[in-house]
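Colleague: One file is attached below, structure_16.csv, containing CSV, C-alpha atoms and all ligand atoms.
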```
chain,number,residue,atom,x,y,z
J,1,MET,CA,15.5,1.3,-13.3
J,2,ASP,CA,16.5,-2.1,-12.0
J,3,GLY,CA,19.6,-1.7,-9.9
J,4,THR,CA,21.4,1.5,-9.1
J,5,PRO,CA,21.1,4.5,-11.4
J,6,LYS,CA,24.4,6.1,-12.3
J,7,THR,CA,25.2,9.7,-11.9
J,8,GLU,CA,28.6,10.6,-13.1
J,9,GLY,CA,31.1,11.2,-10.4
J,10,LYS,CA,28.4,11.3,-7.7
J,11,THR,CA,27.6,8.9,-4.9
J,12,MET,CA,24.0,7.7,-5.1
J,13,PRO,CA,22.1,9.9,-2.8
J,14,THR,CA,19.7,8.5,-0.3
J,15,ARG,CA,16.1,9.3,0.4
J,16,ARG,CA,17.3,11.1,3.5
J,17,ALA,CA,19.5,13.3,1.5
J,18,MET,CA,16.6,14.0,-0.7
J,19,LEU,CA,14.6,15.3,2.2
J,20,SER,CA,17.3,17.4,3.8
J,21,GLY,CA,17.8,20.2,1.4
J,22,ALA,CA,20.6,21.0,-0.9
J,23,ALA,CA,21.5,17.3,-1.3
J,24,ALA,CA,18.3,16.9,-3.1
J,25,PHE,CA,19.9,18.4,-6.2
J,26,ALA,CA,22.5,15.7,-6.3
J,27,THR,CA,19.7,13.2,-6.1
J,28,VAL,CA,17.3,14.2,-8.7
J,29,PRO,CA,19.4,13.5,-11.9
J,30,ALA,CA,19.9,9.9,-10.6
J,31,LEU,CA,16.2,9.2,-10.9
J,32,ALA,CA,15.8,9.5,-14.6
J,33,GLY,CA,13.0,11.9,-15.5
J,34,TRP,CA,12.1,12.6,-11.9
J,35,ALA,CA,11.4,16.3,-11.9
J,36,PRO,CA,12.8,18.3,-9.0
J,37,LEU,CA,12.0,21.8,-7.8
J,38,ASP,CA,11.2,24.2,-10.5
J,39,SER,CA,13.9,26.8,-9.9
J,40,LYS,CA,11.9,29.5,-11.6
J,41,ASP,CA,8.8,29.1,-9.4
J,42,PRO,CA,9.6,27.4,-6.1
J,43,GLY,CA,6.4,28.8,-4.7
J,44,GLN,CA,4.3,26.3,-6.6
J,45,HIS,CA,5.7,23.5,-4.6
J,46,ALA,CA,4.0,24.6,-1.5
J,47,GLY,CA,1.2,22.2,-2.3
J,48,HIS,CA,2.0,19.3,-0.2
J,49,GLY,CA,4.1,21.4,2.2
J,50,THR,CA,1.0,23.1,3.2
J,51,MET,CA,-1.0,20.0,2.5
J,52,SER,CA,-3.4,21.7,0.2
J,53,GLY,CA,-2.8,19.0,-2.4
J,54,GLN,CA,-3.5,21.4,-5.2
J,55,ALA,CA,-0.4,23.4,-6.1
J,56,ALA,CA,1.5,20.3,-7.0
J,57,LYS,CA,-0.7,19.9,-10.0
J,58,THR,CA,0.4,23.1,-11.6
J,59,SER,CA,3.5,21.8,-13.2
J,60,THR,CA,3.3,18.7,-15.4
J,61,ASP,CA,5.2,16.4,-17.6
J,62,GLY,CA,8.7,17.2,-16.4
J,63,SER,CA,8.4,20.8,-17.5
J,64,SER,CA,10.6,21.6,-14.5
J,65,ALA,CA,13.2,19.1,-15.5
J,66,ALA,CA,15.4,21.8,-16.9
J,67,GLY,CA,16.3,22.7,-13.4
J,68,ALA,CA,17.3,19.1,-12.5
J,69,GLY,CA,21.0,19.4,-13.0
J,70,SER,CA,21.3,23.0,-12.0
J,71,PRO,CA,23.5,23.5,-9.0
J,72,ARG,CA,21.7,25.3,-6.2
J,73,THR,CA,23.2,26.9,-3.2
J,74,ASP,CA,20.1,28.1,-1.5
J,75,ALA,CA,19.9,25.2,0.9
J,76,GLY,CA,17.6,26.8,3.3
J,77,HIS,CA,15.1,27.6,0.7
J,78,VAL,CA,15.3,24.1,-0.8
J,79,ALA,CA,14.7,22.5,2.6
J,80,ASN,CA,11.4,24.3,2.9
J,81,HIS,CA,10.2,22.5,-0.1
J,82,ALA,CA,12.2,19.3,-0.2
J,83,GLY,CA,9.5,17.0,1.0
J,84,HIS,CA,7.4,17.1,-2.0
J,85,ALA,CA,10.3,18.3,-4.3
J,86,GLY,CA,9.9,15.4,-6.7
J,87,PHE,CA,6.3,15.7,-7.3
J,88,ALA,CA,6.1,18.7,-9.6
J,89,GLY,CA,3.4,16.8,-11.4
J,90,GLY,CA,1.5,15.5,-8.4
J,91,SER,CA,0.3,11.9,-8.4
J,92,VAL,CA,0.3,9.9,-11.7
J,93,PRO,CA,-3.2,9.4,-13.2
J,94,PRO,CA,-4.2,5.9,-12.4
J,95,ASP,CA,-4.6,4.7,-16.0
J,96,ARG,CA,-1.1,5.9,-16.8
J,97,ALA,CA,0.4,4.5,-13.5
J,98,GLY,CA,-1.2,1.1,-14.0
J,99,ILE,CA,-2.4,1.3,-10.4
J,100,ASP,CA,-5.7,2.7,-9.2
J,101,PRO,CA,-5.7,3.0,-5.4
J,102,THR,CA,-9.3,4.2,-5.3
J,103,ALA,CA,-10.4,1.0,-7.1
J,104,VAL,CA,-8.3,-1.1,-4.7
J,105,LEU,CA,-10.2,0.4,-1.7
J,106,HIS,CA,-13.4,-1.5,-2.4
J,107,ASP,CA,-12.2,-4.4,-4.6
J,108,PHE,CA,-12.8,-7.5,-2.5
J,109,ASP,CA,-12.2,-10.6,-4.5
J,110,ARG,CA,-14.4,-13.4,-3.1
J,111,GLY,CA,-13.2,-15.9,-5.6
J,112,LYS,CA,-15.1,-18.5,-7.5
J,113,THR,CA,-17.4,-20.4,-5.1
J,114,SER,CA,-18.9,-23.9,-5.1
J,115,THR,CA,-20.2,-26.2,-2.4
J,116,LEU,CA,-18.3,-29.2,-1.1
J,117,PRO,CA,-20.0,-32.6,-0.4
J,118,ASP,CA,-19.8,-31.7,3.3
J,119,GLY,CA,-21.8,-28.5,2.7
J,120,ARG,CA,-18.8,-26.1,3.1
J,121,THR,CA,-18.1,-23.3,0.7
J,122,LEU,CA,-15.0,-23.8,-1.5
J,123,ARG,CA,-13.4,-20.6,-2.8
J,124,GLU,CA,-10.9,-20.7,-5.6
J,125,TRP,CA,-8.7,-18.0,-7.0
J,126,ASP,CA,-6.1,-17.9,-9.9
J,127,ILE,CA,-3.1,-15.9,-9.0
J,128,VAL,CA,-0.3,-15.3,-11.5
J,129,ALA,CA,3.0,-13.7,-10.7
J,130,VAL,CA,4.0,-11.3,-13.5
J,131,ASP,CA,6.8,-8.8,-14.0
J,132,LYS,CA,5.3,-5.4,-14.8
J,133,ASP,CA,6.4,-1.8,-15.0
J,134,PHE,CA,4.4,0.8,-13.1
J,135,GLU,CA,4.7,4.6,-13.3
J,136,ILE,CA,4.6,5.3,-9.6
J,137,ALA,CA,5.5,9.0,-9.7
J,138,PRO,CA,5.7,11.4,-12.7
J,139,GLY,CA,8.4,10.0,-14.9
J,140,VAL,CA,9.5,7.3,-12.5
J,141,THR,CA,9.0,3.8,-13.8
J,142,PHE,CA,9.2,1.0,-11.2
J,143,PRO,CA,9.9,-2.4,-12.5
J,144,GLY,CA,7.5,-4.3,-10.3
J,145,TRP,CA,6.9,-7.9,-9.6
J,146,SER,CA,3.2,-8.4,-9.1
J,147,TYR,CA,0.4,-10.8,-8.4
J,148,ASN,CA,-2.1,-10.5,-11.2
J,149,GLY,CA,-0.5,-7.4,-12.6
J,150,ARG,CA,-1.4,-5.2,-9.7
J,151,ILE,CA,0.2,-3.6,-6.7
J,152,PRO,CA,-1.1,-4.4,-4.2
J,153,GLY,CA,-2.3,-7.8,-5.4
J,154,PRO,CA,-6.0,-8.8,-5.2
J,155,THR,CA,-7.6,-8.6,-1.7
J,156,LEU,CA,-8.9,-12.1,-1.1
J,157,TRP,CA,-12.0,-12.3,1.0
J,158,ALA,CA,-13.3,-15.5,2.7
J,159,GLN,CA,-15.6,-16.5,5.5
J,160,GLU,CA,-14.2,-18.3,8.5
J,161,GLY,CA,-14.2,-22.1,7.9
J,162,ASP,CA,-14.4,-21.9,4.1
J,163,ALA,CA,-12.1,-24.3,2.1
J,164,LEU,CA,-9.7,-22.2,0.0
J,165,ARG,CA,-7.7,-23.1,-3.1
J,166,ILE,CA,-5.3,-20.7,-4.6
J,167,HIS,CA,-4.0,-21.8,-8.0
J,168,PHE,CA,-0.7,-20.0,-8.3
J,169,THR,CA,1.3,-19.8,-11.6
J,170,ASN,CA,4.7,-18.1,-11.7
J,171,ALA,CA,4.9,-16.2,-15.0
J,172,GLY,CA,7.7,-14.0,-13.8
J,173,ALA,CA,11.4,-14.3,-14.3
J,174,HIS,CA,12.3,-15.3,-10.8
J,175,PRO,CA,11.2,-18.0,-8.4
J,176,HIS,CA,8.3,-16.9,-6.2
J,177,THR,CA,5.9,-18.3,-3.6
J,178,ILE,CA,2.7,-17.2,-1.9
J,179,HIS,CA,3.0,-17.3,1.9
J,180,PHE,CA,-0.4,-16.8,3.5
J,181,HIS,CA,-0.7,-15.6,7.1
J,182,GLY,CA,-3.2,-17.9,8.9
J,183,ILE,CA,-3.3,-21.4,10.3
J,184,HIS,CA,-2.4,-24.2,7.9
J,185,ARG,CA,-0.2,-27.2,7.3
J,186,ALA,CA,3.6,-26.7,6.8
J,187,GLU,CA,3.5,-27.8,3.1
J,188,MET,CA,1.0,-25.0,2.3
J,189,ASP,CA,3.1,-22.3,3.9
J,190,GLY,CA,4.8,-21.0,0.7
J,191,THR,CA,8.2,-21.3,2.2
J,192,PRO,CA,11.2,-22.3,0.2
J,193,GLY,CA,12.4,-25.8,1.0
J,194,ILE,CA,9.1,-26.9,2.6
J,195,GLY,CA,6.4,-28.7,0.6
J,196,ALA,CA,6.4,-27.4,-2.9
J,197,GLY,CA,8.7,-24.6,-1.8
J,198,SER,CA,9.9,-22.2,-4.4
J,199,ILE,CA,7.8,-22.1,-7.5
J,200,ALA,CA,10.1,-21.8,-10.5
J,201,PRO,CA,9.3,-19.6,-13.5
J,202,GLY,CA,6.7,-21.4,-15.6
J,203,GLN,CA,5.6,-23.7,-12.8
J,204,SER,CA,2.3,-23.8,-10.9
J,205,PHE,CA,1.1,-24.9,-7.5
J,206,THR,CA,-2.2,-25.0,-5.7
J,207,TYR,CA,-2.2,-23.8,-2.1
J,208,GLU,CA,-5.1,-25.4,-0.2
J,209,PHE,CA,-6.2,-24.7,3.4
J,210,ASP,CA,-9.1,-23.6,5.5
J,211,ALA,CA,-10.0,-20.0,6.3
J,212,THR,CA,-8.9,-19.6,9.9
J,213,PRO,CA,-8.6,-17.6,12.2
J,214,PHE,CA,-10.9,-14.8,11.2
J,215,GLY,CA,-9.2,-11.4,10.9
J,216,THR,CA,-7.4,-9.1,8.6
J,217,HIS,CA,-4.4,-10.9,7.2
J,218,LEU,CA,-2.1,-10.7,4.2
J,219,TYR,CA,-0.1,-12.8,1.8
J,220,HIS,CA,3.2,-12.2,0.2
J,221,CYS,CA,6.1,-13.9,-1.6
J,222,HIS,CA,8.5,-15.6,0.7
J,223,GLN,CA,11.4,-16.1,-1.7
J,224,SER,CA,14.9,-15.0,-0.6
J,225,PRO,CA,16.2,-12.4,-0.7
J,226,LEU,CA,13.0,-11.6,1.1
J,227,ALA,CA,12.9,-7.8,1.2
J,228,PRO,CA,13.0,-7.2,-2.5
J,229,HIS,CA,10.6,-10.1,-3.2
J,230,ILE,CA,8.0,-8.4,-1.1
J,231,ALA,CA,8.9,-4.8,-1.8
J,232,LYS,CA,8.8,-5.2,-5.6
J,233,GLY,CA,5.1,-5.7,-5.2
J,234,LEU,CA,4.3,-9.3,-4.3
J,235,TYR,CA,1.7,-8.8,-1.5
J,236,GLY,CA,-2.0,-8.4,-0.9
J,237,GLY,CA,-4.7,-8.4,1.7
J,238,PHE,CA,-6.3,-11.6,2.9
J,239,ILE,CA,-9.5,-11.1,4.9
J,240,ILE,CA,-11.4,-13.8,6.8
J,241,GLU,CA,-14.7,-12.7,8.1
J,242,PRO,CA,-16.0,-14.2,11.3
J,243,LYS,CA,-18.8,-16.8,10.9
J,244,GLU,CA,-21.1,-14.7,12.9
J,245,GLY,CA,-20.2,-11.7,10.9
J,246,ARG,CA,-19.4,-8.2,12.1
J,247,LEU,CA,-21.6,-5.2,12.5
J,248,LYS,CA,-22.4,-4.2,8.9
J,249,ALA,CA,-20.3,-1.3,7.8
J,250,ASP,CA,-21.7,1.3,5.4
J,251,ASN,CA,-18.3,1.8,3.8
J,252,GLU,CA,-15.8,-1.0,4.0
J,253,MET,CA,-12.4,-0.6,2.5
J,254,VAL,CA,-8.8,-1.9,2.3
J,255,MET,CA,-5.7,0.2,2.7
J,256,VAL,CA,-2.3,-1.4,2.1
J,257,MET,CA,0.6,0.7,3.3
J,258,ASN,CA,3.7,0.1,1.1
J,259,GLY,CA,6.9,1.8,-0.2
J,260,TYR,CA,9.1,1.8,-3.2
J,261,ASN,CA,12.9,1.4,-3.3
J,262,THR,CA,13.6,2.9,-6.7
J,263,ASP,CA,17.4,3.2,-6.5
J,264,GLY,CA,18.4,-0.2,-5.3
J,265,GLY,CA,19.6,1.2,-2.0
J,266,ASP,CA,18.6,0.3,1.5
J,267,ASP,CA,15.6,2.5,1.9
J,268,ASN,CA,12.5,3.7,0.1
J,269,GLU,CA,12.2,6.8,-2.1
J,270,PHE,CA,8.4,6.7,-2.2
J,271,TYR,CA,5.6,5.7,0.1
J,272,SER,CA,1.9,5.1,-0.5
J,273,VAL,CA,-1.3,3.5,0.5
J,274,ASN,CA,-2.8,1.2,-2.1
J,275,GLY,CA,0.2,1.6,-4.3
J,276,LEU,CA,0.4,5.1,-5.7
J,277,PRO,CA,2.1,8.0,-3.9
J,278,PHE,CA,-0.1,11.1,-3.2
J,279,HIS,CA,-3.1,9.5,-5.0
J,280,PHE,CA,-5.5,10.2,-2.3
J,281,MET,CA,-4.4,13.9,-2.1
J,282,ASP,CA,-5.7,14.2,-5.7
J,283,PHE,CA,-8.6,11.7,-5.3
J,284,PRO,CA,-9.9,11.9,-1.7
J,285,VAL,CA,-11.6,8.8,-0.2
J,286,GLN,CA,-15.3,9.6,-0.4
J,287,VAL,CA,-17.3,8.9,2.7
J,288,LYS,CA,-20.6,10.1,4.1
J,289,GLN,CA,-21.2,11.9,7.4
J,290,ASN,CA,-21.9,9.6,10.3
J,291,GLU,CA,-21.7,6.4,8.2
J,292,LEU,CA,-19.7,3.5,9.7
J,293,VAL,CA,-16.4,3.4,7.9
J,294,ARG,CA,-14.3,0.2,8.3
J,295,ILE,CA,-10.8,0.1,7.1
J,296,HIS,CA,-8.7,-3.1,6.8
J,297,LEU,CA,-5.3,-1.5,7.3
J,298,ILE,CA,-2.2,-3.6,6.4
J,299,ASN,CA,1.4,-2.7,6.6
J,300,VAL,CA,3.7,-4.4,4.0
J,301,LEU,CA,6.4,-1.7,4.1
J,302,GLU,CA,10.0,-3.0,3.8
J,303,TYR,CA,13.3,-1.3,4.5
J,304,ASP,CA,11.8,0.9,7.2
J,305,PRO,CA,11.1,-0.6,10.6
J,306,ILE,CA,7.7,0.9,11.3
J,307,ASN,CA,4.7,2.6,9.7
J,308,SER,CA,1.8,4.5,11.1
J,309,PHE,CA,-1.7,5.8,10.3
J,310,HIS,CA,-3.1,9.0,11.6
J,311,VAL,CA,-6.4,10.7,10.9
J,312,HIS,CA,-7.3,14.3,11.3
J,313,GLY,CA,-10.4,15.7,13.1
J,314,ASN,CA,-11.4,12.3,14.4
J,315,PHE,CA,-10.7,9.2,16.5
J,316,PHE,CA,-11.2,5.6,15.6
J,317,HIS,CA,-11.7,2.2,17.2
J,318,TYR,CA,-8.8,-0.2,16.5
J,319,TYR,CA,-9.0,-4.0,16.4
J,320,PRO,CA,-5.4,-5.4,16.1
J,321,THR,CA,-5.3,-8.2,13.4
J,322,GLY,CA,-9.1,-8.1,13.4
J,323,THR,CA,-9.2,-11.3,15.4
J,324,LEU,CA,-11.5,-10.1,18.2
J,325,LEU,CA,-14.9,-8.4,17.9
J,326,THR,CA,-14.2,-5.7,20.5
J,327,PRO,CA,-11.7,-2.9,19.9
J,328,SER,CA,-8.6,-2.6,22.0
J,329,GLU,CA,-8.1,1.1,21.5
J,330,PHE,CA,-9.8,4.4,20.8
J,331,THR,CA,-7.2,6.7,19.3
J,332,ASP,CA,-6.3,8.8,16.3
J,333,THR,CA,-2.9,7.2,15.6
J,334,ILE,CA,-1.6,3.7,15.4
J,335,SER,CA,1.7,2.1,14.4
J,336,GLN,CA,2.3,-1.2,12.6
J,337,VAL,CA,5.5,-3.1,12.0
J,338,GLN,CA,6.0,-5.3,8.9
J,339,GLY,CA,3.1,-7.7,8.4
J,340,GLN,CA,1.1,-6.1,11.2
J,341,ARG,CA,-2.5,-5.2,10.4
J,342,GLY,CA,-5.8,-4.3,12.0
J,343,ILE,CA,-9.2,-2.9,11.5
J,344,VAL,CA,-9.9,0.8,11.9
J,345,GLU,CA,-13.6,1.8,12.5
J,346,LEU,CA,-14.8,5.4,12.6
J,347,ARG,CA,-17.6,7.7,11.7
J,348,PHE,CA,-17.0,11.3,10.7
J,349,PRO,CA,-19.4,13.6,12.6
J,350,TYR,CA,-18.7,16.6,10.4
J,351,PRO,CA,-18.5,17.1,6.6
J,352,GLY,CA,-15.3,18.4,5.1
J,353,LYS,CA,-11.9,17.2,4.1
J,354,TYR,CA,-9.7,15.4,6.6
J,355,MET,CA,-6.2,14.3,6.1
J,356,PHE,CA,-4.9,10.9,6.8
J,357,HIS,CA,-1.2,10.0,6.6
J,358,ALA,CA,1.8,8.3,8.2
J,359,HIS,CA,2.6,10.3,11.3
J,360,LYS,CA,6.2,9.8,10.3
J,361,THR,CA,6.6,13.1,8.5
J,362,GLU,CA,9.2,11.8,6.1
J,363,PHE,CA,6.9,9.1,4.8
J,364,ALA,CA,4.0,11.6,4.4
J,365,GLU,CA,6.2,14.0,2.4
J,366,LEU,CA,7.3,11.2,0.1
J,367,GLY,CA,3.7,10.2,-0.7
J,368,TRP,CA,1.9,8.6,2.2
J,369,MET,CA,-0.8,11.1,2.7
J,370,GLY,CA,-4.3,11.6,1.5
J,371,PHE,CA,-7.8,13.0,2.3
J,372,PHE,CA,-11.1,11.7,3.4
J,373,GLU,CA,-13.8,13.8,1.9
J,374,VAL,CA,-16.9,13.7,4.0
J,375,SER,CA,-20.2,14.7,2.3
J,376,PRO,CA,-23.2,15.7,4.4
J,377,SER,CA,-25.6,12.9,5.1
F,1,CU,CU,9.1,-13.5,-5.0
```
Take the structure in this file and express it as structure tokens.
Ligand SMILES: [Cu+2]
Modeller:
Amino acid sequence: MDGTPKTEGKTMPTRRAMLSGAAAFATVPALAGWAPLDSKDPGQHAGHGTMSGQAAKTSTDGSSAAGAGSPRTDAGHVANHAGHAGFAGGSVPPDRAGIDPTAVLHDFDRGKTSTLPDGRTLREWDIVAVDKDFEIAPGVTFPGWSYNGRIPGPTLWAQEGDALRIHFTNAGAHPHTIHFHGIHRAEMDGTPGIGAGSIAPGQSFTYEFDATPFGTHLYHCHQSPLAPHIAKGLYGGFIIEPKEGRLKADNEMVMVMNGYNTDGGDDNEFYSVNGLPFHFMDFPVQVKQNELVRIHLINVLEYDPINSFHVHGNFFHYYPTGTLLTPSEFTDTISQVQGQRGIVELRFPYPGKYMFHAHKTEFAELGWMGFFEVSPS
């Protein structure tokens, strides 16, 4: 899947063509194994169109692939279902995908800790860049570049003022770096040509700096060409808690908004939060009524200029970058550009299922949507 798939005599269709109706049928064969509409039973694709999240599960394992190359003329009909057209099989089971967005939610990696002579806490992590395939949608293998074999990479957690050491080894086939957002010396910036710069395949380097300022940050590869080096999967959350702490959340989680460019073009064919399109439609985020939910929300989306987060049936407090202890906004929708992040805090007053998704409909229809499932307290 690396590079542009070939479809005899056809121009490689774009994501936008996929979403716009009849053109979807030129698209599908190009993504090997990616099942389009089942021409025999288009009704079953209403699932994500109506946002029930259920109907999509009714067809599995490419059983609808027979229709992939069939010419269709019923463009209007197709357009009604185009959004979720590719997901005849719903989301990929996490063990098959190699990505488990639910596990990522609460997986804060505090590193290996020890105490320095000056009494400060030293946190150390080992991070290895590895090339690894992930099945991000039924039958769609994405040749990822990853930190520690996961997309997104581990969420690193530190306390403000800690000394940090990140032992980086590049076991991939391309040069990579780790560029951390935060305040540090130039030679620790993970930028090619400065300090250790690019870390060649087989080489290692230790990034060393202090945890400041507090907030919700991120790290990512900074090798050129930058967009693919990020979008192939080399990114993760980097959370620095304030020394004085925050109000204790009952349910604290990380959501990394990303996308996948599977055809080598200039846009994404899939979108997700925590790495797997539609995952949280099939596995809703579990929360309890009235508990304080804190979401570290991070946007690493490449190829599209902006991403957004919207929640149904509720409003939230938003702390941009998490660098202040008072929220700047009380809203139900926020937008983030590349590298932007912040803290979302909310309580659900009523039990039930509530959608969350990119308010950009196109992104939602291509995977960036899910549910909170609120159980009575
Ligand atoms: Cu890289």
Colleague: How many Å lie between atom CA of His220 of chain J and atom CA of Gly265 of chain J, rounded to one decimal?
Modeller: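 Between atom CA of His220 of chain J and atom CA of Gly265 of chain J the gap is 21.3 Å.
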Colleague: Hey, what's within 8 Å of Pro213 of chain J if we count all atoms listed in the file and toss same-chain stuff fewer than 3 positions away? As a PyMOL selection string, please?
Modeller: chain J and resi 160+182-183+240+323
Colleague: Now that the selection is made, can you save its residues with C-alpha atoms as an mmCIF file, in the coordinates of the input?
Modeller:
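For reference, result08.cif as written:
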```
data_model
loop_
_atom_site.group_PDB
_atom_site.id
_atom_site.type_symbol
_atom_site.label_atom_id
_atom_site.label_comp_id
_atom_site.auth_asym_id
_atom_site.auth_seq_id
_atom_site.Cartn_x
_atom_site.Cartn_y
_atom_site.Cartn_z
ATOM 1 C CA GLU J 160 -14.200 -18.300 8.500
ATOM 2 C CA GLY J 182 -3.200 -17.900 8.900
ATOM 3 C CA ILE J 183 -3.300 -21.400 10.300
ATOM 4 C CA ILE J 240 -11.400 -13.800 6.800
ATOM 5 C CA THR J 323 -9.200 -11.300 15.400
#
```
Colleague: Distance limit 9 Å, reference ligand CU 1 (chain F), atoms considered: all atoms listed in the file. Which residues make the cut? Give them as a PyMOL selection string.
Modeller: chain J and resi 129+145-146+172+174-178+198+220-226+228-230+232-234
Colleague: Using the selection just defined, write its residues with C-alpha atoms as an mmCIF file, keeping the file's coordinate frame.
Modeller:
```
data_model
loop_
_atom_site.group_PDB
_atom_site.id
_atom_site.type_symbol
_atom_site.label_atom_id
_atom_site.label_comp_id
_atom_site.auth_asym_id
_atom_site.auth_seq_id
_atom_site.Cartn_x
_atom_site.Cartn_y
_atom_site.Cartn_z
ATOM 1 C CA ALA J 129 3.000 -13.700 -10.700
ATOM 2 C CA TRP J 145 6.900 -7.900 -9.600
ATOM 3 C CA SER J 146 3.200 -8.400 -9.100
ATOM 4 C CA GLY J 172 7.700 -14.000 -13.800
ATOM 5 C CA HIS J 174 12.300 -15.300 -10.800
ATOM 6 C CA PRO J 175 11.200 -18.000 -8.400
ATOM 7 C CA HIS J 176 8.300 -16.900 -6.200
ATOM 8 C CA THR J 177 5.900 -18.300 -3.600
ATOM 9 C CA ILE J 178 2.700 -17.200 -1.900
ATOM 10 C CA SER J 198 9.900 -22.200 -4.400
ATOM 11 C CA HIS J 220 3.200 -12.200 0.200
ATOM 12 C CA CYS J 221 6.100 -13.900 -1.600
ATOM 13 C CA HIS J 222 8.500 -15.600 0.700
ATOM 14 C CA GLN J 223 11.400 -16.100 -1.700
ATOM 15 C CA SER J 224 14.900 -15.000 -0.600
ATOM 16 C CA PRO J 225 16.200 -12.400 -0.700
ATOM 17 C CA LEU J 226 13.000 -11.600 1.100
ATOM 18 C CA PRO J 228 13.000 -7.200 -2.500
ATOM 19 C CA HIS J 229 10.600 -10.100 -3.200
ATOM 20 C CA ILE J 230 8.000 -8.400 -1.100
ATOM 21 C CA LYS J 232 8.800 -5.200 -5.600
ATOM 22 C CA GLY J 233 5.100 -5.700 -5.200
ATOM 23 C CA LEU J 234 4.300 -9.300 -4.300
#
```
Colleague: Within 9 Å of Ser335 of chain J, counting only C-alpha atoms, which residues qualify if same-chain residues fewer than 6 places away don't, as a PyMOL selection string?
Modeller: chain J and resi 306-310+358-359
Colleague: Have a look at atom CA of Glu373 of chain J and atom CA of Lys360 of chain J and let me know their distance in Å, one decimal.
Modeller: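 We find that atom CA of Glu373 of chain J and atom CA of Lys360 of chain J lie 22.1 Å from each other.
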Colleague: Give me, as a PyMOL selection string, all polymer residues having an atom no more than 10 Å from Ala196 of chain J, counting only C-alpha atoms and skipping those fewer than 2 positions away in the same chain.
Modeller: chain J and resi 177+187-194+198-199+204-207
Colleague: Would you kindly return, as a VMD selection string, each protein, DNA or RNA residue with an atom no farther than 8 Å from any atom of segment 353-355 of chain J, considering only C-alpha atoms and excluding same-chain residues fewer than 2 positions away?
Modeller: chain J and resid 311 to 313 351 357 369 to 374
Colleague: Those selected residues, please, written with C-alpha atoms and delivered as a PDB file, in the coordinates of the input.
Modeller:
```
ATOM      1  CA  VAL J 311      -6.400  10.700  10.900  1.00  0.00           C
ATOM      2  CA  HIS J 312      -7.300  14.300  11.300  1.00  0.00           C
ATOM      3  CA  GLY J 313     -10.400  15.700  13.100  1.00  0.00           C
ATOM      4  CA  PRO J 351     -18.500  17.100   6.600  1.00  0.00           C
ATOM      5  CA  HIS J 357      -1.200  10.000   6.600  1.00  0.00           C
ATOM      6  CA  MET J 369      -0.800  11.100   2.700  1.00  0.00           C
ATOM      7  CA  GLY J 370      -4.300  11.600   1.500  1.00  0.00           C
ATOM      8  CA  PHE J 371      -7.800  13.000   2.300  1.00  0.00           C
ATOM      9  CA  PHE J 372     -11.100  11.700   3.400  1.00  0.00           C
ATOM     10  CA  GLU J 373     -13.800  13.800   1.900  1.00  0.00           C
ATOM     11  CA  VAL J 374     -16.900  13.700   4.000  1.00  0.00           C
TER      12      VAL J 374
END
```
Colleague: Step by step: start from the point (5.2, 0.9, 1.9) in the file's coordinates, keep every protein, DNA or RNA residue that has an atom no farther than 12 Å from it, count all atoms listed in the file, and write the set as an NGL selection string.
Modeller: :J and (151-152 or 227 or 230-235 or 255-261 or 267-277 or 298-309 or 336-339 or 358 or 363-364 or 366-369)
Colleague: Between atom CA of Phe356 of chain J and atom CA of Thr216 of chain J, what is the spacing in Å?
Modeller: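 So the answer is 20.2 Å.
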Colleague: Would you pick out the contacts of Glu135 of chain J at 10 Å or less, using all atoms listed in the file, so that residues sharing its chain but fewer than 4 positions from it are not included, and give the list as an MDAnalysis selection string?
Modeller: chainID J and resid 91:99 139:144 276
Colleague: Please produce an output containing C-alpha atoms for each residue in the selection, written as a PDB file, in the coordinates of the input.
Modeller:
```pdb
ATOM      1  CA  SER J  91       0.300  11.900  -8.400  1.00  0.00           C
ATOM      2  CA  VAL J  92       0.300   9.900 -11.700  1.00  0.00           C
ATOM      3  CA  PRO J  93      -3.200   9.400 -13.200  1.00  0.00           C
ATOM      4  CA  PRO J  94      -4.200   5.900 -12.400  1.00  0.00           C
ATOM      5  CA  ASP J  95      -4.600   4.700 -16.000  1.00  0.00           C
ATOM      6  CA  ARG J  96      -1.100   5.900 -16.800  1.00  0.00           C
ATOM      7  CA  ALA J  97       0.400   4.500 -13.500  1.00  0.00           C
ATOM      8  CA  GLY J  98      -1.200   1.100 -14.000  1.00  0.00           C
ATOM      9  CA  ILE J  99      -2.400   1.300 -10.400  1.00  0.00           C
ATOM     10  CA  GLY J 139       8.400  10.000 -14.900  1.00  0.00           C
ATOM     11  CA  VAL J 140       9.500   7.300 -12.500  1.00  0.00           C
ATOM     12  CA  THR J 141       9.000   3.800 -13.800  1.00  0.00           C
ATOM     13  CA  PHE J 142       9.200   1.000 -11.200  1.00  0.00           C
ATOM     14  CA  PRO J 143       9.900  -2.400 -12.500  1.00  0.00           C
ATOM     15  CA  GLY J 144       7.500  -4.300 -10.300  1.00  0.00           C
ATOM     16  CA  LEU J 276       0.400   5.100  -5.700  1.00  0.00           C
TER      17      LEU J 276
END
```
Colleague: In terms of the shortest atom-to-atom distance over all atoms listed in the file, which of J:Lys112, J:Arg347, J:His217, J:His296 is closest to His167 of chain J?
Modeller: J:Lys112
Colleague: Within 8 Å of (-15.3, 0.4, 10.7) in the file's own coordinates, which protein, DNA or RNA residues have an atom, counting all atoms listed in the file? List them as a compact mmCIF listing (two decimals) with C-alpha atoms, keeping the file's coordinate frame.
Modeller:
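Output file out-v6.txt is given in full below:
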```
# COMPACT_ATOMS: atom_id res chain seq x y z
CA ALA J 249 -20.30 -1.30 7.80
CA ASN J 251 -18.30 1.80 3.80
CA GLU J 252 -15.80 -1.00 4.00
CA LEU J 292 -19.70 3.50 9.70
CA VAL J 293 -16.40 3.40 7.90
CA ARG J 294 -14.30 0.20 8.30
CA ILE J 295 -10.80 0.10 7.10
CA HIS J 317 -11.70 2.20 17.20
CA ILE J 343 -9.20 -2.90 11.50
CA VAL J 344 -9.90 0.80 11.90
CA GLU J 345 -13.60 1.80 12.50
CA LEU J 346 -14.80 5.40 12.60
CA ARG J 347 -17.60 7.70 11.70
```
